[in-house]
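Q: After the structure tokens below, expect a handful of questions from me.
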Amino acid sequence: MAEEKRENRKGPRRRRPAFEMRISTKYAPRKVAEGQPLSCISDTSLKHDQLLELYRYLKLTRLVEERIVNLYRQTKVVGGVYRSLGQEATAVGSAYALRPDDFITPIIRDLGAVFVKGIRPREIFAQYMAKAWGPSGGKDLNVHFGYMEKGFLGPISHLGDMIPVMTGILLGARMQKKDIVGLAYIGDGGASTGAFYEGMNFAAVQRLPLIVIVESNHYAYSTPTSMQTAVRNLAEKAAAFGIPGYIVDGNDVIACYEVTSQAIKHARAGHGTVLIEAKTYRRKGHAEHDDQRYVPEGEIEYWEKQNDPIDRFERFLVDQKVATKEKLDAITADVMREINEDSDWAESSPMPEPETAVYGVFDNSIVPPAFRPKVLES
Amino acid sequence: MSTALKKERKFERPPRGGMSTMVEAIRAGIWEEMERDPTVFLIGEDVGVYGGAFKVTEGIIDHFGKERVVDTPISEAAIVGAACGAALMGMKPVAEFQFIDFISCGFDLLTNYAAKCRYRWGANIPAVFRGPCGSGVRSGPFHSLNAESFFLNTAGLKIVEPATAYDAKGLIKAAIRDPDPVLYFEHKKLYRLPRLREELPEDDYIVEIGKARTARAGRDVSIITFGAQVLTALDAAEELEKEGLDIEVIDLRTLAPLDKESILASVKKTSRVLILHEASLTGGIGGEISAIISQEAFEWLDAPVVRVASIDTPVPYSPPLEDYYLPQVNDVVEAARKLAAY
């Protein structure tokens, strides 16, 4: 039946994809000569002040996380602490390519992108310490919140779910004639979920301006990427959706910026969805409690010494005479000032009042707040 | 780069019996069943080398090898589906959800496939689906779920949740031996709670699925509960004892199928019932139990059946909010006091 129907149909031929399916490796990690330290690509449109702004975001991300770890050790952080140590460049570089009204949805390792989107460190500190002044008022943790007006859509713990949600953001935007793109982050682990595939497929078939960055950081909790997927490069999954795939050196902040800019151009021009695989490395465990027993000896040290994204970028900035070491130190000092101020602010916040738990499940002008019902009160 | 793992650890086979926390009891139960029956295997995220997020399966891969401890991608639908398939082939999978919150990602296969195979075509699925549930550990809305109500209205799934180390071991063994799919919920707050450490027998035992236990015998009020709330109930009972109230605490252990006989026997004994659970009140198991009681033991009641549970919100993260969310000993004491005076 179905076969007959298809043969009889005399409809117009479907449009061919505007771009040939291919994996672009222009920004992929490159081998350097033995003993030569890694830097960043120099082919960039970024101006000096922009490069220094990128540097500020990188340092902000790393130092905020270090402060959170300190607060955690002082038992001021209520839940777990999740680091992006060693992969800050992916989040910062990619988000920096967006316009202010574009959207991001990060995962837990994208604090840098959250800052680029205009969220302040104080909000993150307050979230980690479960304080009343945090954006969720203590109801949820870390980056699990959102600001529609800033184009920031916080994730939930269920990986992959935000891909279809971002697809819907873009579908809605298209209906409203808004010219925005959406940048969604996912890990090598999250890319194994059904929601990821369904969301990608739907966005691709709708040609929505969705850019998905798969942060391939070697581990999903303890599971190595080789146990997560049979493809060699996660960018190859783009073929399954009929969209272009890119591989980028996730520890080169400029490459991350450039590759995302290119993807955004593609998406804004109406050519649809793009998948970018950022090759990077998670130097810390899944969370602070993780002893990383599954990591081969020497691996972390290698990435720390040879391929730290901030070291690489500092080298680039000094070598290219964008800034002196003193200038970079001054930026770091300014970052520290902000962190001290914001962490003091967050610490000074009270904990939420217990009864505030009952508000906000529904519009409380229609459905009353969820107070615990009194028992046997006549 | 050397491929030697960072920390060489050797895990001994857990001793038969001896002082055990709940997590040790579950591990020992799984271990013994894997020794007893070569078709038993583990499947889940990070269950191998890492030993699971809560280390429930720690050391099992060292002893039984990766043939029988299958680390999966982050794919709950694949875990549940593959467990069903392997079970149809005569294997006995013990599948882990890293947190029970993620059971939602395997919901379709659990409720539509695992639960309905025997009924539709006579093929049974002897699989166990286990994982850490429960709140009170400051983990926020996505790592604190009590999921039983999502499944109570699906015929074909057994549901158990232990409150003691003894029951944890006996129930995991019973679940593995059971010919039908069993959801085995482990309250994460109880895993290493010193209060629950107890001496376990050396011999092979199971705790029969479908049987409640009397955690504390009493005459005045029955508190029907399960999981971590058994401790809340026992604490409340101790508090009320000072006022001369003799409280009975029934630990359900199995939520589906419910042990109606034990529930009704306790109702007939005390004539006053308080149902306590950690999931939100509305649509919780308390409603079902209350309906059973009013339908089958109405004449025996001296007071309305009372439910105490978490409020109807997601599980909030911040300690003051979560404490407000959860039923506290005081809530139970006050409710039981009013019930006794009714």
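All residue names refer to the structure tokens as shown: chains lettered A, B, ... in order, residues numbered from 1 in each chain, ligands numbered from 1 in order.
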Could you tell me which residues of chain A sit within 8 Å of chain B when counting only C-alpha atoms, and give me the result as a PyMOL selection string?

A: chain A and resi 78-79+130-131+138-141+156-158+189-190+192-194+221-223+227-229+292-299+351-358+361+370-372+375-376

Q: Export C-alpha atoms of the chosen residues as a JSON list (two decimals), in the first residue's frame?

A:
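Final output, saved to result05.json:
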```json
[["chain", "number", "residue", "atom", "x", "y", "z"],
["A", 78, "VAL", "CA", 24.89, 22.83, 50.04],
["A", 79, "GLY", "CA", 25.04, 20.35, 47.16],
["A", 130, "ALA", "CA", 21.08, 27.66, 48.28],
["A", 131, "LYS", "CA", 20.42, 31.25, 49.33],
["A", 138, "GLY", "CA", 16.88, 28.20, 46.85],
["A", 139, "LYS", "CA", 14.50, 25.97, 44.94],
["A", 140, "ASP", "CA", 17.10, 24.64, 42.51],
["A", 141, "LEU", "CA", 20.87, 24.50, 42.27],
["A", 156, "ILE", "CA", 17.67, 20.19, 34.03],
["A", 157, "SER", "CA", 19.66, 17.15, 35.13],
["A", 158, "HIS", "CA", 18.09, 14.92, 32.51],
["A", 189, "GLY", "CA", 27.39, 11.29, 27.28],
["A", 190, "GLY", "CA", 24.31, 13.42, 26.73],
["A", 192, "SER", "CA", 23.59, 9.15, 23.77],
["A", 193, "THR", "CA", 20.10, 10.07, 24.90],
["A", 194, "GLY", "CA", 16.94, 9.66, 22.93],
["A", 221, "TYR", "CA", 30.97, 10.58, 34.83],
["A", 222, "SER", "CA", 33.36, 7.61, 34.71],
["A", 223, "THR", "CA", 32.45, 6.30, 31.27],
["A", 227, "MET", "CA", 32.15, 3.21, 25.70],
["A", 228, "GLN", "CA", 29.66, 5.92, 24.87],
["A", 229, "THR", "CA", 29.72, 5.91, 21.09],
["A", 292, "GLN", "CA", 38.64, 9.71, 39.24],
["A", 293, "ARG", "CA", 39.92, 6.18, 39.83],
["A", 294, "TYR", "CA", 38.98, 5.36, 36.23],
["A", 295, "VAL", "CA", 41.46, 7.85, 34.75],
["A", 296, "PRO", "CA", 44.73, 6.42, 33.39],
["A", 297, "GLU", "CA", 47.88, 7.54, 35.16],
["A", 298, "GLY", "CA", 49.38, 10.73, 33.77],
["A", 299, "GLU", "CA", 46.43, 11.73, 31.62],
["A", 351, "MET", "CA", 18.60, 31.32, 53.57],
["A", 352, "PRO", "CA", 15.08, 31.22, 52.17],
["A", 353, "GLU", "CA", 12.14, 31.31, 54.57],
["A", 354, "PRO", "CA", 10.80, 27.74, 54.89],
["A", 355, "GLU", "CA", 7.24, 28.63, 53.84],
["A", 356, "THR", "CA", 8.43, 30.00, 50.52],
["A", 357, "ALA", "CA", 8.61, 26.35, 49.44],
["A", 358, "VAL", "CA", 4.86, 26.37, 48.86],
["A", 361, "VAL", "CA", 3.92, 25.50, 41.53],
["A", 370, "ALA", "CA", 0.75, 24.21, 48.34],
["A", 371, "PHE", "CA", 0.62, 24.49, 52.12],
["A", 372, "ARG", "CA", 0.59, 21.19, 54.00],
["A", 375, "VAL", "CA", -5.05, 17.19, 59.81],
["A", 376, "LEU", "CA", -8.36, 16.63, 61.62]]
```

Q: Restricting the calculation to only C-alpha atoms: of A:Asp179, A:Glu314, A:Asp344, A:Glu301, which residue gets closest to Leu51 of chain A?

A: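 Smallest distance to Leu51 of chain A is found for A:Glu314.
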
Q: Among the residues of segment 48-268 of chain A, find those DSSP assigns to alpha helix (DSSP H) from the backbone and print them as a ChimeraX atom specification.

A: /A:48-73,88-95,111-116,121-128,162-175,194-205,225-228,238-241,253-266

Q: Taking only C-alpha atoms into account, which of A:Glu277, A:Glu304, A:Glu326, A:Glu198 comes nearest Phe241 of chain A?

A: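 Of all the options, A:Glu198 lies closest to Phe241 of chain A.
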
Q: Can you tell me how far atom CA of Gly85 of chain B sits from atom CA of Phe150 of chain B, in Å to one decimal?

A: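 According to the coordinates, atom CA of Gly85 of chain B and atom CA of Phe150 of chain B are separated by 22.8 Å.
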
Q: Report as a list in words: the residues of segment 236-310 of chain A with a DSSP assignment of strand (DSSP E or B), based on the backbone of this structure.

A: Gly245, Tyr246, Ile247, Val248, Asp249, Val274, Leu275, Ile276, Glu277, Ala278, Lys279 and Pro296 of chain A

Q: Within 10 Å of Ser45 of chain A, counting only C-alpha atoms, which residues qualify if same-chain residues fewer than 6 places away don't, as a PyMOL selection string?

A: chain A and resi 51+254+257-258

Q: Could you check which of B:Phe298, B:Tyr191, B:Trp31, B:Phe11 is closest to Gly131 of chain B, using only C-alpha atoms?

A: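 Answer, going by the shortest atom-to-atom distance: B:Tyr191.
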
Q: When you look at Phe99 of chain B with a cut-off of 10 Å (counting only C-alpha atoms), what residues show up, excluding the ones that are within fewer than 4 positions of it in the same chain? I need them as a PyMOL selection string.

A: chain B and resi 53-54+103+130-134+142-145+185-186+188

Q: Using only C-alpha atoms, determine which residues lie at most 9 Å from Arg177 of chain B, disregarding the query and same-chain residues fewer than 5 positions distant; provide the list as a list in words.

A: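 These residues fall inside the cut-off: Glu33, Lys92, Pro126, Ala127 and Ile172 of chain B.
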
Q: Between B:His63, B:Thr39, B:Leu276, B:Asp167, single out the one closest to Pro14 of chain B, counting only C-alpha atoms.

A: B:His63

Q: Hey, what's within 8 Å of segment 94-108 of chain A if we count only C-alpha atoms and toss same-chain stuff fewer than 6 positions away? As an NGL selection string, please?

A: :A and (54 or 82-84 or 114 or 116-117 or 143 or 149-155 or 162 or 166 or 180-187 or 253 or 256-261 or 264)

Q: Quick check, in Å to one decimal: how far apart do atom CA of Pro209 of chain A and atom CA of Gly272 of chain A lie?

A: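 Separation of atom CA of Pro209 of chain A and atom CA of Gly272 of chain A: 4.9 Å.
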
Q: Report the distance between atom CA of Tyr113 of chain B and atom CA of Phe41 of chain B in Å, rounded to one decimal place.

A: 20.0 Å

Q: Skip Asn124 of chain B itself and residues of its chain fewer than 4 positions away, then list as a VMD selection string all residues within 9 Å of it, counting only C-alpha atoms.

A: chain B and resid 87 to 88 114 116 to 119 179 to 181
